[in-house]
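**Q** One file: query-v6.pdb (PDB, C-alpha atoms).
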```pdb
MODEL        1
ATOM      1  CA  MET A   1    -103.620   4.279  -7.352  1.00  0.00           C
ATOM      2  CA  GLY A   2    -100.502   6.455  -6.958  1.00  0.00           C
ATOM      3  CA  TYR A   3    -100.417   7.244 -10.664  1.00  0.00           C
ATOM      4  CA  MET A   4    -103.975   8.582 -10.728  1.00  0.00           C
ATOM      5  CA  ALA A   5    -102.852  12.159 -10.009  1.00  0.00           C
ATOM      6  CA  LEU A   6    -100.268  11.936 -12.818  1.00  0.00           C
ATOM      7  CA  LEU A   7    -102.855  10.609 -15.284  1.00  0.00           C
ATOM      8  CA  LEU A   8    -105.265  13.350 -14.224  1.00  0.00           C
ATOM      9  CA  PHE A   9    -102.533  15.948 -14.752  1.00  0.00           C
ATOM     10  CA  PHE A  10    -101.781  14.666 -18.275  1.00  0.00           C
ATOM     11  CA  GLY A  11    -105.497  14.568 -19.075  1.00  0.00           C
ATOM     12  CA  VAL A  12    -105.999  18.185 -17.959  1.00  0.00           C
ATOM     13  CA  MET A  13    -102.883  19.188 -19.883  1.00  0.00           C
ATOM     14  CA  LEU A  14    -104.187  17.509 -23.052  1.00  0.00           C
ATOM     15  CA  VAL A  15    -107.603  19.167 -22.717  1.00  0.00           C
ATOM     16  CA  ILE A  16    -106.037  22.620 -22.204  1.00  0.00           C
ATOM     17  CA  ALA A  17    -103.780  22.124 -25.236  1.00  0.00           C
ATOM     18  CA  LEU A  18    -106.703  21.087 -27.427  1.00  0.00           C
ATOM     19  CA  VAL A  19    -108.777  24.051 -26.227  1.00  0.00           C
ATOM     20  CA  PHE A  20    -105.933  26.445 -27.078  1.00  0.00           C
ATOM     21  CA  VAL A  21    -105.547  24.962 -30.571  1.00  0.00           C
ATOM     22  CA  PHE A  22    -109.297  25.188 -31.158  1.00  0.00           C
ATOM     23  CA  VAL A  23    -109.536  28.789 -29.919  1.00  0.00           C
ATOM     24  CA  ASN A  24    -106.535  29.752 -32.067  1.00  0.00           C
ATOM     25  CA  SER A  25    -108.090  28.250 -35.197  1.00  0.00           C
ATOM     26  CA  LEU A  26    -111.397  29.918 -34.345  1.00  0.00           C
ATOM     27  CA  LEU A  27    -110.130  33.413 -33.500  1.00  0.00           C
ATOM     28  CA  GLY A  28    -106.803  33.518 -35.352  1.00  0.00           C
ATOM     29  CA  PRO A  29    -106.165  35.274 -38.675  1.00  0.00           C
ATOM     30  CA  LYS A  30    -107.443  33.442 -41.724  1.00  0.00           C
ATOM     31  CA  THR A  31    -105.143  34.988 -44.346  1.00  0.00           C
ATOM     32  CA  SER A  32    -101.427  34.320 -44.368  1.00  0.00           C
ATOM     33  CA  ASP A  33     -98.854  37.075 -44.417  1.00  0.00           C
ATOM     34  CA  ALA A  34     -96.727  37.516 -47.545  1.00  0.00           C
ATOM     35  CA  LEU A  35     -93.511  37.340 -45.508  1.00  0.00           C
ATOM     36  CA  GLN A  36     -94.650  34.512 -43.252  1.00  0.00           C
ATOM     37  CA  ASP A  37     -92.340  31.908 -44.815  1.00  0.00           C
ATOM     38  CA  TYR A  38     -89.495  34.345 -45.488  1.00  0.00           C
ATOM     39  CA  PRO A  39     -86.186  33.085 -44.036  1.00  0.00           C
ATOM     40  CA  TYR A  40     -84.251  35.216 -41.584  1.00  0.00           C
ATOM     41  CA  GLU A  41     -81.143  34.807 -39.478  1.00  0.00           C
ATOM     42  CA  CYS A  42     -80.991  36.251 -35.957  1.00  0.00           C
ATOM     43  CA  GLY A  43     -83.835  38.670 -36.649  1.00  0.00           C
ATOM     44  CA  VAL A  44     -82.081  40.187 -39.673  1.00  0.00           C
ATOM     45  CA  PRO A  45     -83.904  39.598 -42.973  1.00  0.00           C
ATOM     46  CA  LEU A  46     -81.851  37.978 -45.715  1.00  0.00           C
ATOM     47  CA  TYR A  47     -81.441  40.006 -48.854  1.00  0.00           C
ATOM     48  CA  ASP A  48     -80.031  37.121 -50.845  1.00  0.00           C
ATOM     49  CA  LYS A  49     -81.723  33.737 -50.478  1.00  0.00           C
ATOM     50  CA  SER A  50     -78.740  31.752 -51.755  1.00  0.00           C
ATOM     51  CA  ALA A  51     -76.776  29.529 -49.403  1.00  0.00           C
ATOM     52  CA  GLN A  52     -73.492  31.044 -50.585  1.00  0.00           C
ATOM     53  CA  SER A  53     -73.956  34.402 -48.872  1.00  0.00           C
ATOM     54  CA  THR A  54     -71.696  35.405 -45.990  1.00  0.00           C
ATOM     55  CA  PHE A  55     -72.641  36.712 -42.589  1.00  0.00           C
ATOM     56  CA  HIS A  56     -71.083  39.455 -40.553  1.00  0.00           C
ATOM     57  CA  GLN A  57     -68.234  38.321 -38.308  1.00  0.00           C
ATOM     58  CA  GLY A  58     -70.165  39.573 -35.285  1.00  0.00           C
ATOM     59  CA  TYR A  59     -72.590  36.638 -35.530  1.00  0.00           C
ATOM     60  CA  TYR A  60     -69.765  34.137 -35.155  1.00  0.00           C
ATOM     61  CA  LEU A  61     -68.106  36.046 -32.344  1.00  0.00           C
ATOM     62  CA  LEU A  62     -71.433  36.379 -30.542  1.00  0.00           C
ATOM     63  CA  GLY A  63     -71.913  32.624 -30.790  1.00  0.00           C
ATOM     64  CA  LEU A  64     -68.453  32.072 -29.330  1.00  0.00           C
ATOM     65  CA  LEU A  65     -69.219  34.499 -26.513  1.00  0.00           C
ATOM     66  CA  LEU A  66     -72.415  32.589 -25.765  1.00  0.00           C
ATOM     67  CA  LEU A  67     -70.462  29.348 -25.490  1.00  0.00           C
ATOM     68  CA  LEU A  68     -67.775  31.043 -23.433  1.00  0.00           C
ATOM     69  CA  PHE A  69     -70.151  32.304 -20.773  1.00  0.00           C
ATOM     70  CA  ASP A  70     -72.342  29.190 -20.782  1.00  0.00           C
ATOM     71  CA  ILE A  71     -69.244  27.169 -19.929  1.00  0.00           C
ATOM     72  CA  GLU A  72     -68.387  29.698 -17.238  1.00  0.00           C
ATOM     73  CA  ALA A  73     -71.812  29.319 -15.662  1.00  0.00           C
ATOM     74  CA  ALA A  74     -71.601  25.523 -15.883  1.00  0.00           C
ATOM     75  CA  PHE A  75     -68.337  25.551 -13.922  1.00  0.00           C
ATOM     76  CA  LEU A  76     -69.098  28.415 -11.562  1.00  0.00           C
ATOM     77  CA  PHE A  77     -72.289  27.049  -9.987  1.00  0.00           C
ATOM     78  CA  PRO A  78     -70.851  23.725  -8.754  1.00  0.00           C
ATOM     79  CA  TRP A  79     -67.726  25.534  -7.581  1.00  0.00           C
ATOM     80  CA  THR A  80     -69.788  27.804  -5.336  1.00  0.00           C
ATOM     81  CA  VAL A  81     -71.408  24.775  -3.703  1.00  0.00           C
ATOM     82  CA  VAL A  82     -68.085  23.186  -2.687  1.00  0.00           C
ATOM     83  CA  TYR A  83     -66.067  26.398  -2.254  1.00  0.00           C
ATOM     84  CA  ARG A  84     -65.396  26.013   1.470  1.00  0.00           C
ATOM     85  CA  TYR A  85     -63.984  22.498   0.987  1.00  0.00           C
ATOM     86  CA  LEU A  86     -61.563  23.491  -1.793  1.00  0.00           C
ATOM     87  CA  GLY A  87     -59.595  26.043   0.189  1.00  0.00           C
ATOM     88  CA  LEU A  88     -56.966  28.299  -1.342  1.00  0.00           C
ATOM     89  CA  PHE A  89     -56.236  25.924  -4.225  1.00  0.00           C
ATOM     90  CA  GLY A  90     -59.859  26.043  -5.426  1.00  0.00           C
ATOM     91  CA  PHE A  91     -59.925  29.814  -5.113  1.00  0.00           C
ATOM     92  CA  VAL A  92     -56.740  30.237  -7.194  1.00  0.00           C
ATOM     93  CA  GLU A  93     -57.963  27.808  -9.853  1.00  0.00           C
ATOM     94  CA  MET A  94     -61.297  29.609 -10.228  1.00  0.00           C
ATOM     95  CA  PHE A  95     -59.546  32.975 -10.249  1.00  0.00           C
ATOM     96  CA  LEU A  96     -57.352  31.812 -13.156  1.00  0.00           C
ATOM     97  CA  PHE A  97     -60.409  30.425 -14.957  1.00  0.00           C
ATOM     98  CA  ILE A  98     -62.298  33.713 -14.635  1.00  0.00           C
ATOM     99  CA  LEU A  99     -59.159  35.618 -15.675  1.00  0.00           C
ATOM    100  CA  ILE A 100     -58.922  33.581 -18.877  1.00  0.00           C
ATOM    101  CA  LEU A 101     -62.617  34.165 -19.606  1.00  0.00           C
ATOM    102  CA  THR A 102     -62.180  37.890 -18.972  1.00  0.00           C
ATOM    103  CA  TYR A 103     -59.353  37.892 -21.494  1.00  0.00           C
ATOM    104  CA  GLY A 104     -61.698  36.198 -23.988  1.00  0.00           C
ATOM    105  CA  LEU A 105     -64.321  38.875 -23.389  1.00  0.00           C
ATOM    106  CA  LEU A 106     -61.775  41.665 -23.874  1.00  0.00           C
ATOM    107  CA  TYR A 107     -60.558  40.013 -27.074  1.00  0.00           C
ATOM    108  CA  ALA A 108     -64.094  39.829 -28.462  1.00  0.00           C
ATOM    109  CA  TRP A 109     -64.699  43.426 -27.422  1.00  0.00           C
ATOM    110  CA  ARG A 110     -61.560  44.564 -29.274  1.00  0.00           C
ATOM    111  CA  LYS A 111     -62.617  42.590 -32.372  1.00  0.00           C
ATOM    112  CA  GLY A 112     -65.967  44.416 -32.400  1.00  0.00           C
ATOM    113  CA  ALA A 113     -68.262  41.538 -31.433  1.00  0.00           C
ATOM    114  CA  LEU A 114     -70.224  43.861 -29.156  1.00  0.00           C
ATOM    115  CA  ASN A 115     -70.717  46.586 -31.787  1.00  0.00           C
ATOM    116  CA  TRP A 116     -73.847  46.016 -33.816  1.00  0.00           C
ATOM    117  CA  GLN A 117     -73.629  48.939 -36.197  1.00  0.00           C
ATOM    118  CA  TYR A 118     -74.402  48.192 -39.818  1.00  0.00           C
ATOM    119  CA  GLU A 119     -71.221  48.324 -41.874  1.00  0.00           C
ATOM    120  CA  GLU A 120     -71.754  48.589 -45.627  1.00  0.00           C
ATOM    121  CA  GLU A 121     -68.168  47.702 -46.560  1.00  0.00           C
ATOM    122  CA  SER A 122     -68.129  44.466 -44.561  1.00  0.00           C
ATOM    123  CA  LEU A 123     -70.917  42.941 -46.657  1.00  0.00           C
TER
ENDMDL
END
```
Could the structure of this file be written out as structure tokens, please?
**A**
Amino acid sequence: MGYMALLLFFGVMLVIALVFVFVNSLLGPKTSDALQDYPYECGVPLYDKSAQSTFHQGYYLLGLLLLLFDIEAAFLFPWTVVYRYLGLFGFVEMFLFILILTYGLLYAWRKGALNWQYEEESL
């Protein structure tokens, strides 16, 4: 009897999903767009559909920055929970960690990863 609420929840969820699909097929556009299946990378349309084309270095650096700060967040949140038990050693370790990540941010900034101006000569 304890699972009845869970089954009811999944049933309501299924009904709502089916209603949304039906309403979308009923009220949605009937003709497809010419560029609907056109590939794009990061919101920038591709001008050459071959797999041999190169991308701007900023895409790679932005991906590295994303990983850099995701790792920072993954380490910073648990550290804040146990901060008072770590003492001075924990503070110094986290300070060095944030210092290294700040250096990574400054490096990416100097390399132009944060500038998103279109450069004709880099393509």
**Q** Quick one: distance from CA of Phe77 (chain A) to CA of Met94 (chain A) in Å, one decimal?
**A** 11.3 Å
**Q** Please write the residues picked by the PyMOL selection byres ((chain A and resi 97-112) around 12) on this file as a ChimeraX atom specification.
**A** /A:56-73,75-76,79,90-96,113-119
**Q** Can you work out the spacing between CA of Leu8 (chain A) and CA of Phe20 (chain A) in Å, to one decimal?
**A** 18.4 Å
**Q** Mind giving me the axis-aligned box for region 3-15 of chain A with 4 Å on every side, centre plus edges in Å to one decimal, as lines of an AutoDock Vina configuration file?
**A**
```
center_x = -103.9
center_y = 13.2
center_z = -16.5
size_x = 15.3
size_y = 19.9
size_z = 21.0
```
